[in-house]
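Okay, start28.cif now, which holds mmCIF, C-alpha atoms:
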data_input
#
loop_
_atom_site.label_atom_id
_atom_site.label_comp_id
_atom_site.auth_asym_id
_atom_site.auth_seq_id
_atom_site.Cartn_x
_atom_site.Cartn_y
_atom_site.Cartn_z
CA MET G 442 0.00 0.00 0.00
CA LEU G 443 2.85 2.40 0.78
CA ALA G 444 4.47 1.54 -2.55
CA ALA G 445 1.21 2.36 -4.34
CA LEU G 446 0.96 5.66 -2.50
CA ALA G 447 4.60 6.53 -3.23
CA THR G 448 4.19 5.94 -6.97
CA GLY G 449 1.06 8.08 -7.12
CA SER G 450 -1.21 5.16 -8.02
CA SER G 451 -3.35 5.32 -4.88
CA PRO G 452 -7.09 6.03 -5.07
CA LEU G 453 -6.38 9.53 -3.71
CA GLY G 454 -3.98 10.19 -6.55
CA GLU G 455 -1.36 11.60 -4.21
CA GLY G 456 2.16 10.64 -3.26
CA LEU G 457 3.44 9.29 0.03
CA GLY G 458 2.82 11.66 2.93
CA ALA G 459 3.63 11.81 6.63
CA THR G 460 0.08 10.79 7.52
CA ASP G 461 0.38 7.60 5.45
CA VAL G 462 3.69 6.66 7.04
CA ALA G 463 2.24 7.27 10.50
CA GLY G 464 -0.75 5.10 9.58
CA ALA G 465 1.53 2.30 8.38
CA VAL G 466 3.53 2.39 11.63
CA LEU G 467 0.33 2.43 13.67
CA ALA G 468 -1.05 -0.52 11.67
CA VAL G 469 2.01 -2.63 12.51
CA MET G 470 1.78 -1.65 16.18
CA LEU G 471 -1.91 -2.57 16.28
CA VAL G 472 -1.18 -6.04 14.87
CA LEU G 473 1.44 -6.57 17.56
CA LEU G 474 -0.90 -5.24 20.26
CA GLY G 475 -3.62 -7.56 19.03
CA SER G 476 -1.78 -10.60 20.38
CA ARG G 477 -2.44 -9.31 23.93
CA ALA G 478 -5.50 -7.06 23.68
CA PRO G 479 -7.27 -7.66 20.35
CA PHE G 480 -10.45 -5.72 21.16
CA ILE G 481 -8.55 -2.62 22.24
CA ALA G 482 -6.46 -2.84 19.08
CA ILE G 483 -9.59 -3.18 16.90
CA GLY G 484 -11.19 -0.17 18.56
CA ILE G 485 -8.07 1.95 18.11
CA GLY G 486 -7.80 0.85 14.49
CA ALA G 487 -11.42 1.75 13.65
CA VAL G 488 -11.15 5.19 15.26
CA ALA G 489 -7.72 5.83 13.70
CA ALA G 490 -9.04 4.86 10.25
CA ALA G 491 -11.72 7.49 10.58
CA GLY G 492 -9.08 9.95 11.74
CA MET G 493 -6.96 9.13 8.67
CA ILE G 494 -9.87 10.07 6.41
CA ALA G 495 -10.35 13.34 8.26
CA ALA G 496 -6.60 14.08 7.97
CA GLY G 497 -6.58 13.37 4.27
CA GLY G 498 -4.71 10.08 4.50
CA GLU G 499 -5.45 6.57 3.24
CA ARG G 500 -7.60 4.53 5.62
CA SER G 501 -6.80 1.18 3.94
CA LEU G 502 -3.57 0.82 5.90
CA LEU G 503 -5.37 0.76 9.24
CA LEU G 504 -8.39 -1.15 7.97
CA ALA G 505 -6.05 -3.93 6.81
CA SER G 506 -4.78 -4.31 10.39
CA VAL G 507 -8.34 -4.28 11.69
CA VAL G 508 -9.31 -7.07 9.28
CA ILE G 509 -6.32 -9.16 10.45
CA LEU G 510 -7.31 -8.62 14.07
CA LEU G 511 -10.94 -9.56 13.40
CA TYR G 512 -9.79 -12.78 11.75
CA ARG G 513 -7.60 -13.55 14.75
CA VAL G 514 -10.47 -12.96 17.19
CA ALA G 515 -12.87 -15.12 15.17
CA SER G 516 -10.38 -17.98 14.80
CA GLN G 517 -9.39 -18.05 18.48
CA THR G 518 -12.60 -17.25 20.37
CA ASN G 519 -16.22 -18.35 20.24
CA ARG G 520 -18.93 -17.49 17.73
CA ARG G 521 -20.69 -14.96 19.97
CA THR G 522 -17.53 -12.95 20.61
CA ALA G 523 -16.69 -12.93 16.91
CA ALA G 524 -20.21 -11.70 16.02
CA ILE G 525 -19.96 -8.87 18.55
CA ALA G 526 -16.61 -7.82 17.10
CA ALA G 527 -17.98 -7.93 13.53
CA ALA G 528 -20.90 -5.68 14.50
CA ALA G 529 -19.01 -3.28 16.78
CA THR G 530 -16.20 -2.53 14.32
CA PRO G 531 -18.28 -0.85 11.55
CA ALA G 532 -20.46 0.83 14.19
CA LEU G 533 -17.44 2.38 15.91
CA TYR G 534 -15.96 3.38 12.57
CA GLY G 535 -19.23 4.97 11.44
CA LEU G 536 -19.60 6.90 14.69
CA SER G 537 -16.00 8.14 14.48
CA ILE G 538 -16.27 9.21 10.85
CA ALA G 539 -19.54 11.01 11.62
CA LEU G 540 -17.82 12.99 14.38
CA LEU G 541 -14.56 13.69 12.53
CA ASP G 542 -15.63 13.94 8.90
CA ASP G 543 -18.61 13.65 6.58
CA PHE G 544 -20.50 10.36 6.93
CA VAL G 545 -20.58 8.42 3.64
CA VAL G 546 -22.75 5.31 3.32
CA GLU G 547 -20.40 3.65 0.81
CA ARG G 548 -17.50 3.85 3.28
CA GLU G 549 -19.58 2.30 6.04
CA VAL G 550 -20.80 -0.54 3.80
CA ASP G 551 -17.24 -1.21 2.70
CA VAL G 552 -16.01 -1.51 6.28
CA ALA G 553 -18.99 -3.70 7.24
CA ILE G 554 -18.36 -6.10 4.34
CA TRP G 555 -14.67 -6.50 5.18
CA SER G 556 -15.50 -7.01 8.87
CA VAL G 557 -18.07 -9.73 8.16
CA LEU G 558 -15.75 -11.41 5.66
CA ALA G 559 -12.84 -11.52 8.14
CA VAL G 560 -15.04 -12.93 10.89
CA ALA G 561 -16.58 -15.52 8.54
CA VAL G 562 -13.18 -16.79 7.42
CA GLY G 563 -11.89 -16.89 11.01
CA SER G 564 -14.99 -18.76 12.20
CA ALA G 565 -14.59 -21.29 9.39
CA VAL G 566 -10.96 -21.87 10.34
CA ARG G 567 -11.91 -22.28 14.01
CA SER G 568 -14.64 -24.78 13.15
CA HIS G 569 -12.26 -26.75 10.94
CA ARG G 570 -9.65 -26.90 13.68
CA ALA G 571 -12.27 -28.05 16.19
CA TYR G 572 -13.46 -30.74 13.76
CA LEU G 573 -9.94 -32.05 13.22
CA GLY G 574 -9.32 -32.05 16.96
CA GLU G 575 -12.52 -34.00 17.57
CA VAL G 576 -11.67 -36.54 14.86
CA GLU G 577 -8.19 -37.06 16.30
CA GLY G 578 -9.64 -37.37 19.79
CA ARG G 579 -12.19 -39.95 18.67
CA ALA G 580 -9.50 -41.96 16.88
CA LEU G 581 -7.31 -41.91 20.00
CA ARG G 582 -10.21 -42.92 22.25
CA ALA G 583 -11.20 -45.69 19.85
CA GLU G 584 -7.65 -47.04 19.81
CA GLN G 585 -7.46 -46.95 23.59
CA SER G 586 -10.89 -48.58 23.90
CA ARG G 587 -9.87 -51.33 21.49
CA GLU G 588 -6.75 -52.07 23.53
CA VAL G 589 -8.73 -52.11 26.78
CA GLU G 590 -11.42 -54.32 25.25
CA ALA G 591 -8.86 -56.77 23.92
CA ARG G 592 -7.16 -57.06 27.30
CA ARG G 593 -10.50 -57.38 29.06
CA ARG G 594 -11.62 -60.21 26.81
CA VAL G 595 -8.34 -62.07 27.25
CA ALA G 596 -8.54 -61.67 31.03
CA GLU G 597 -12.16 -62.83 31.11
CA GLU G 598 -11.34 -65.85 28.96
CA ARG G 599 -8.45 -66.81 31.22
CA LEU G 600 -10.61 -66.50 34.33
CA ARG G 601 -13.42 -68.51 32.78
CA ILE G 602 -11.14 -71.34 31.67
CA ALA G 603 -9.39 -71.41 35.04
CA ARG G 604 -12.73 -71.52 36.87
CA GLU G 605 -14.09 -74.31 34.71
CA LEU G 606 -10.90 -76.32 34.99
CA HIS G 607 -11.04 -76.01 38.75
CA ASP G 608 -14.73 -76.87 39.05
CA LEU G 609 -14.70 -79.77 36.59
CA VAL G 610 -11.30 -81.36 37.14
CA ALA G 611 -9.96 -80.52 40.59
CA HIS G 612 -12.34 -82.75 42.51
CA ARG G 613 -11.83 -85.74 40.22
CA MET G 614 -8.07 -85.37 40.27
CA ALA G 615 -8.12 -85.35 44.08
CA VAL G 616 -10.14 -88.58 44.06
CA ILE G 617 -7.69 -90.15 41.60
CA ASN G 618 -4.75 -89.17 43.79
CA VAL G 619 -6.31 -90.65 46.93
CA GLN G 620 -7.45 -93.89 45.29
CA ALA G 621 -4.09 -94.37 43.56
CA GLY G 622 -2.44 -94.17 47.00
CA VAL G 623 -4.94 -96.68 48.40
CA ALA G 624 -4.28 -99.08 45.51
CA SER G 625 -0.55 -98.83 46.01
CA HIS G 626 -0.94 -99.57 49.70
CA LEU G 627 -3.30 -102.55 49.25
CA LEU G 628 -1.78 -104.04 46.12
CA ARG G 629 0.10 -106.83 47.91
CA PRO G 630 -1.81 -107.51 51.18
CA GLN G 631 -5.36 -106.97 49.79
CA PRO G 632 -5.50 -107.30 46.00
CA GLU G 633 -9.32 -107.08 46.04
CA GLY G 634 -9.22 -103.68 47.74
CA ALA G 635 -6.55 -102.47 45.34
CA GLU G 636 -8.69 -103.61 42.43
CA GLN G 637 -11.67 -101.61 43.75
CA ALA G 638 -9.48 -98.53 44.20
CA LEU G 639 -8.15 -98.86 40.65
CA ALA G 640 -11.72 -99.20 39.37
CA ILE G 641 -12.58 -95.90 41.04
CA VAL G 642 -9.46 -94.36 39.49
CA ARG G 643 -10.49 -95.66 36.06
CA ASP G 644 -14.04 -94.29 36.41
CA SER G 645 -12.76 -90.93 37.65
CA VAL G 646 -10.32 -90.66 34.74
CA ARG G 647 -13.11 -91.44 32.28
CA GLU G 648 -15.34 -88.78 33.83
CA VAL G 649 -12.51 -86.24 33.75
CA LEU G 650 -11.88 -86.95 30.09
CA ASP G 651 -15.57 -86.61 29.32
CA GLU G 652 -15.81 -83.33 31.20
CA LEU G 653 -12.69 -81.97 29.51
CA GLY G 654 -14.08 -83.02 26.14
CA GLU G 655 -17.31 -81.14 26.82
CA MET G 656 -15.45 -78.01 27.91
CA LEU G 657 -13.12 -78.09 24.90
CA SER G 658 -16.05 -78.68 22.57
CA VAL G 659 -17.60 -75.46 23.85
CA LEU G 660 -14.33 -73.60 23.31
CA ARG G 661 -13.97 -75.05 19.82
CA ASN G 662 -17.60 -74.27 18.95
CA VAL G 663 -18.50 -77.65 17.49
CA ASP G 664 -21.78 -76.25 16.17
CA ASP G 665 -19.75 -74.42 13.55
CA PRO G 666 -19.52 -76.71 10.48
CA GLN G 667 -16.24 -75.04 9.54
CA ALA G 668 -14.63 -75.54 12.96
CA PRO G 669 -11.23 -77.28 12.69
CA VAL G 670 -11.16 -80.94 13.71
CA ALA G 671 -7.51 -81.68 12.89
CA PRO G 672 -5.17 -82.98 15.61
CA THR G 673 -3.19 -80.48 17.63
CA PRO G 674 -0.26 -79.33 15.46
CA THR G 675 3.35 -79.87 16.51
CA LEU G 676 6.75 -78.90 15.12
CA ARG G 677 6.46 -81.76 12.63
CA GLU G 678 3.83 -79.71 10.79
CA LEU G 679 6.05 -76.64 10.42
CA GLY G 680 7.13 -77.72 6.94
CA ALA G 681 3.54 -77.91 5.76
CA LEU G 682 2.85 -74.52 7.37
CA VAL G 683 5.75 -72.90 5.51
CA GLU G 684 4.63 -74.51 2.25
CA SER G 685 1.11 -73.12 2.69
CA PHE G 686 2.49 -69.59 3.06
CA ALA G 687 4.77 -70.13 0.06
CA ALA G 688 1.75 -71.17 -2.00
CA ALA G 689 0.08 -67.91 -0.91
CA GLY G 690 3.03 -65.85 -2.20
CA LEU G 691 5.18 -65.42 0.92
CA GLU G 692 8.85 -66.36 0.48
CA VAL G 693 9.98 -67.86 3.81
CA ARG G 694 13.61 -68.67 4.68
CA TRP G 695 13.35 -71.31 7.40
CA THR G 696 16.32 -72.43 9.49
CA SER G 697 16.59 -74.56 12.63
CA SER G 698 19.41 -75.63 14.88
CA GLY G 699 19.61 -78.10 17.71
CA ALA G 700 17.54 -81.21 18.27
CA LEU G 701 13.82 -80.49 18.26
CA GLU G 702 12.86 -83.89 19.67
CA GLY G 703 11.74 -84.25 23.24
CA ILE G 704 10.06 -80.85 23.46
CA PRO G 705 6.80 -81.01 25.48
CA ASP G 706 3.63 -81.00 23.41
CA SER G 707 2.41 -77.76 25.00
CA VAL G 708 5.62 -76.00 23.97
CA GLN G 709 5.43 -77.47 20.46
CA LEU G 710 1.88 -76.19 20.06
CA THR G 711 2.95 -72.76 21.28
CA LEU G 712 5.87 -72.68 18.84
CA PHE G 713 3.64 -73.70 15.96
CA ARG G 714 1.01 -71.05 16.73
CA LEU G 715 3.75 -68.46 17.22
CA ALA G 716 5.18 -69.20 13.77
CA GLN G 717 1.71 -69.19 12.26
CA GLU G 718 0.80 -65.79 13.71
CA GLY G 719 4.19 -64.24 12.91
CA LEU G 720 4.12 -65.41 9.27
CA THR G 721 0.53 -64.23 8.93
CA ASN G 722 1.58 -60.72 10.00
CA ALA G 723 4.54 -60.91 7.61
CA GLN G 724 2.25 -61.80 4.74
CA ARG G 725 -0.19 -59.02 5.63
CA TYR G 726 2.22 -56.16 6.30
CA GLY G 727 5.52 -57.26 4.77
CA ASP G 728 7.13 -57.03 1.36
CA GLY G 729 6.61 -60.71 0.50
CA ARG G 730 9.65 -62.18 2.29
CA ALA G 731 10.20 -63.41 5.84
CA THR G 732 12.66 -65.41 7.92
CA LEU G 733 11.84 -68.07 10.52
CA ASP G 734 14.66 -69.21 12.81
CA ILE G 735 14.25 -71.86 15.53
CA ALA G 736 17.21 -72.59 17.82
CA ARG G 737 17.15 -75.29 20.52
CA SER G 738 19.64 -75.13 23.35
CA SER G 739 20.00 -77.33 26.39
CA SER G 740 17.47 -75.33 28.35
CA ALA G 741 15.33 -73.28 25.97
CA VAL G 742 13.97 -72.77 22.48
CA ASP G 743 14.39 -69.39 20.77
CA VAL G 744 12.17 -68.42 17.86
CA THR G 745 12.70 -65.35 15.67
CA ILE G 746 10.36 -64.25 12.88
CA ALA G 747 11.38 -61.16 10.90
CA ASN G 748 10.13 -59.37 7.81
CA ARG G 749 10.69 -56.01 6.19
CA LEU G 750 7.60 -53.82 6.31
CA ALA G 751 6.03 -52.81 3.02
CA ALA G 752 6.06 -49.12 2.20
CA ARG G 753 2.28 -48.96 2.20
CA SER G 754 1.96 -50.36 5.72
CA GLY G 755 4.31 -47.88 7.43
CA THR G 756 4.72 -49.45 10.86
CA ALA G 757 2.58 -52.37 11.88
CA LYS G 758 0.64 -51.72 15.03
CA VAL G 759 1.82 -53.73 17.98
CA SER G 760 -1.65 -54.46 19.23
CA GLY G 761 -4.74 -56.54 18.60
CA TYR G 762 -5.93 -60.03 19.48
CA GLY G 763 -3.19 -61.78 17.47
CA LEU G 764 -0.29 -60.38 19.46
CA LEU G 765 -2.17 -60.61 22.76
CA GLY G 766 -2.96 -64.25 22.08
CA MET G 767 0.67 -64.86 21.13
CA ARG G 768 1.87 -63.40 24.41
CA GLU G 769 -0.71 -65.36 26.37
CA ARG G 770 0.42 -68.64 24.82
CA VAL G 771 4.11 -67.97 25.39
CA THR G 772 3.55 -66.76 28.96
CA ALA G 773 1.44 -69.83 29.73
CA VAL G 774 4.45 -72.11 29.08
CA GLY G 775 6.83 -69.87 31.05
CA GLY G 776 8.36 -67.97 28.14
CA THR G 777 8.69 -64.37 27.03
CA VAL G 778 8.03 -62.70 23.69
CA GLN G 779 8.88 -59.32 22.21
CA ALA G 780 7.39 -57.92 19.02
CA GLY G 781 7.63 -54.57 17.28
CA PRO G 782 9.08 -52.56 14.41
CA SER G 783 12.64 -51.26 14.28
CA ASP G 784 14.06 -48.04 12.89
CA ASP G 785 15.42 -49.79 9.79
CA GLY G 786 11.96 -50.90 8.62
CA TRP G 787 11.90 -54.46 9.99
CA PHE G 788 9.22 -56.07 12.16
CA THR G 789 10.56 -58.78 14.46
CA VAL G 790 8.90 -61.31 16.76
CA ALA G 791 11.36 -62.92 19.19
CA ALA G 792 10.32 -65.55 21.75
CA HIS G 793 12.31 -67.39 24.41
CA ILE G 794 10.69 -70.50 25.89
CA PRO G 795 12.47 -72.60 28.53
CA THR G 796 12.33 -76.39 28.07
CA PRO G 797 13.38 -79.33 30.24
CA ALA G 798 16.94 -80.49 29.72
CA ARG G 799 17.33 -83.27 27.15
CA ARG G 800 18.14 -86.66 28.52
CA PRO G 801 21.39 -88.14 27.16
CA GLY G 802 21.14 -91.10 24.81
#
Would you write the structure of this file as structure tokens?
Amino acid sequence: MLAALATGSSPLGEGLGATDVAGAVLAVMLVLLGSRAPFIAIGIGAVAAAGMIAAGGERSLLLASVVILLYRVASQTNRRTAAIAAAATPALYGLSIALLDDFVVEREVDVAIWSVLAVAVGSAVRSHRAYLGEVEGRALRAEQSREVEARRRVAEERLRIARELHDLVAHRMAVINVQAGVASHLLRPQPEGAEQALAIVRDSVREVLDELGEMLSVLRNVDDPQAPVAPTPTLRELGALVESFAAAGLEVRWTSSGALEGIPDSVQLTLFRLAQEGLTNAQRYGDGRATLDIARSSSAVDVTIANRLAARSGTAKVSGYGLLGMRERVTAVGGTVQAGPSDDGWFTVAAHIPTPARRPG
């Protein structure tokens, strides 16, 4: 604006004067003052703009600062405050110009339009910021709720299984223990009594097996026609598991060291499910390649599953039922597991599961 005034191209058709320079300096000061007292700055700007007209200067310099301040008020306060500012600014300007100079309707309409426009833009920006903040807050709350829900379901499932195991099996196992002791004591002096005790043991074992079968059938949901009925997988099925992922397009480099015989069935099942879940995540979020390393030592089995994350997936989220179930399985057999992305773009699942020492020969 000062450049236009200096070159004589201003609406007044005059060059740069002392009044215009003073107005420019005041405009800058008002913008700086607006960060602390915006309403005072707006009022000073409206009155000073009217004074500029009376002094023969260009009001646009000060009105520009007033528009900036109105936008700031509208974008940082509430709708009511912004509306009051939009209405008070042209009113104060009109009153000042009526007292200092001739009142012109066109000037008043011009100021009113710019005031409403500045407030409208500021209000739109404020609403957009509030909307984005609400969306981000909802996403964060949903993520937290999902984590809490997953942990709650796992905890409830553990408590339910533990309660059912205790109610259905504990009593029968106590009976078996007592009767087995009786049979051992009476085996030589009273074979008939030992035979009766063993009969009770046999009946109790059969009832325990029946009760366990009923409980597991509920957990497996036998009413589902697609429920799996295959035997519990062990490490012998790892080759078939890797081949199934290879057929689906995942290139798996599988290595193993140490003797894998003699590992308890519960640990073998945990290792199989761990490899299955880790390779599933690699297929879903990786670049099509993964490594599976199983190392058996004298006291533990270490499993490492690694894959490079695909560019589209960014960083896989370390959450959800898959990882929680993986940790529950490993913890149940006394092991530990760590899973997460690294800075170099790899996602690694590493588990350490202690095993009984191998017997020689």
Task: Residues matched by the PyMOL selection byres ((chain G and resi 717) around 12) as a PyMOL selection string - done: chain G and resi 674-676+678-686+693+710-716+718-724+733+744+746+763-764+766-767+790
TODO: To verify the selection step, state as a count of residues only which residues the PyMOL selection byres ((chain G and resi 555) around 12) yields on this input.
DONE: 28
For this file, the PyMOL selection byres ((chain G and resi 514) around 10) selects which residues, as a PDB file with C-alpha atoms, keeping the file's coordinate frame?
ATOM      1  CA  GLY G 475      -3.620  -7.560  19.030  1.00  0.00           C
ATOM      2  CA  SER G 476      -1.780 -10.600  20.380  1.00  0.00           C
ATOM      3  CA  PRO G 479      -7.270  -7.660  20.350  1.00  0.00           C
ATOM      4  CA  PHE G 480     -10.450  -5.720  21.160  1.00  0.00           C
ATOM      5  CA  ILE G 483      -9.590  -3.180  16.900  1.00  0.00           C
ATOM      6  CA  VAL G 508      -9.310  -7.070   9.280  1.00  0.00           C
ATOM      7  CA  ILE G 509      -6.320  -9.160  10.450  1.00  0.00           C
ATOM      8  CA  LEU G 510      -7.310  -8.620  14.070  1.00  0.00           C
ATOM      9  CA  LEU G 511     -10.940  -9.560  13.400  1.00  0.00           C
ATOM     10  CA  TYR G 512      -9.790 -12.780  11.750  1.00  0.00           C
ATOM     11  CA  ARG G 513      -7.600 -13.550  14.750  1.00  0.00           C
ATOM     12  CA  ALA G 515     -12.870 -15.120  15.170  1.00  0.00           C
ATOM     13  CA  SER G 516     -10.380 -17.980  14.800  1.00  0.00           C
ATOM     14  CA  GLN G 517      -9.390 -18.050  18.480  1.00  0.00           C
ATOM     15  CA  THR G 518     -12.600 -17.250  20.370  1.00  0.00           C
ATOM     16  CA  ASN G 519     -16.220 -18.350  20.240  1.00  0.00           C
ATOM     17  CA  ARG G 520     -18.930 -17.490  17.730  1.00  0.00           C
ATOM     18  CA  THR G 522     -17.530 -12.950  20.610  1.00  0.00           C
ATOM     19  CA  ALA G 523     -16.690 -12.930  16.910  1.00  0.00           C
ATOM     20  CA  ALA G 524     -20.210 -11.700  16.020  1.00  0.00           C
ATOM     21  CA  ALA G 526     -16.610  -7.820  17.100  1.00  0.00           C
ATOM     22  CA  ALA G 527     -17.980  -7.930  13.530  1.00  0.00           C
ATOM     23  CA  ALA G 559     -12.840 -11.520   8.140  1.00  0.00           C
ATOM     24  CA  VAL G 560     -15.040 -12.930  10.890  1.00  0.00           C
ATOM     25  CA  GLY G 563     -11.890 -16.890  11.010  1.00  0.00           C
ATOM     26  CA  SER G 564     -14.990 -18.760  12.200  1.00  0.00           C
ATOM     27  CA  ARG G 567     -11.910 -22.280  14.010  1.00  0.00           C
TER      28      ARG G 567
END
Provide an axis-aligned box for all listed atoms of region 634-643 of chain G, padding each side by 6 Å; report its centre and its edge lengths in Å to one decimal, as JSON.
{"center_x": -9.6, "center_y": -99.0, "center_z": 41.9, "size_x": 18.0, "size_y": 21.3, "size_z": 23.7}
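Nearest to Gly690 (chain G) of all the residues G:Arg730, G:Arg593, G:Arg737, G:Arg677 is G:Arg730, counting all atoms listed in the file.
The spacing separating CA of Ile735 (chain G) from CA of Ile704 (chain G) amounts to 12.7 Å.
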Compile the contact shell of region 462-473 of chain G as a short mmCIF file (atom, residue, chain, number, x, y, z; two decimals) with C-alpha atoms, keeping the file's coordinate frame: residues with an atom at most 6 Å away, counting only C-alpha atoms, same-chain residues fewer than 6 positions apart removed.
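Now in part16.cif:
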data_model
loop_
_atom_site.label_atom_id
_atom_site.label_comp_id
_atom_site.auth_asym_id
_atom_site.auth_seq_id
_atom_site.Cartn_x
_atom_site.Cartn_y
_atom_site.Cartn_z
CA ALA G 482 -6.46 -2.84 19.08
CA LEU G 502 -3.57 0.82 5.90
CA LEU G 503 -5.37 0.76 9.24
CA SER G 506 -4.78 -4.31 10.39
#
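When CA of Ala529 (chain G) is paired with CA of Ala565 (chain G), their separation reads 20.0 Å.
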Open item on the list: Here is a test: counting all atoms listed in the file, which residue of G:Ser586, G:Leu600, G:Trp695, G:Ser645 is nearest to Ala621 (chain G)?
Closed with: G:Ser645
TODO: Figure out the distance between CA of Leu581 (chain G) and CA of Arg749 (chain G), please, to one decimal in Å.
DONE: 26.7 Å
Open item on the list: Quick one: residues within 12 Å of Leu627 (chain G), all atoms listed in the file, excluding same-chain residues fewer than 5 positions away - as number ranges by chain?
Closed with: G: 620-622, 632-639
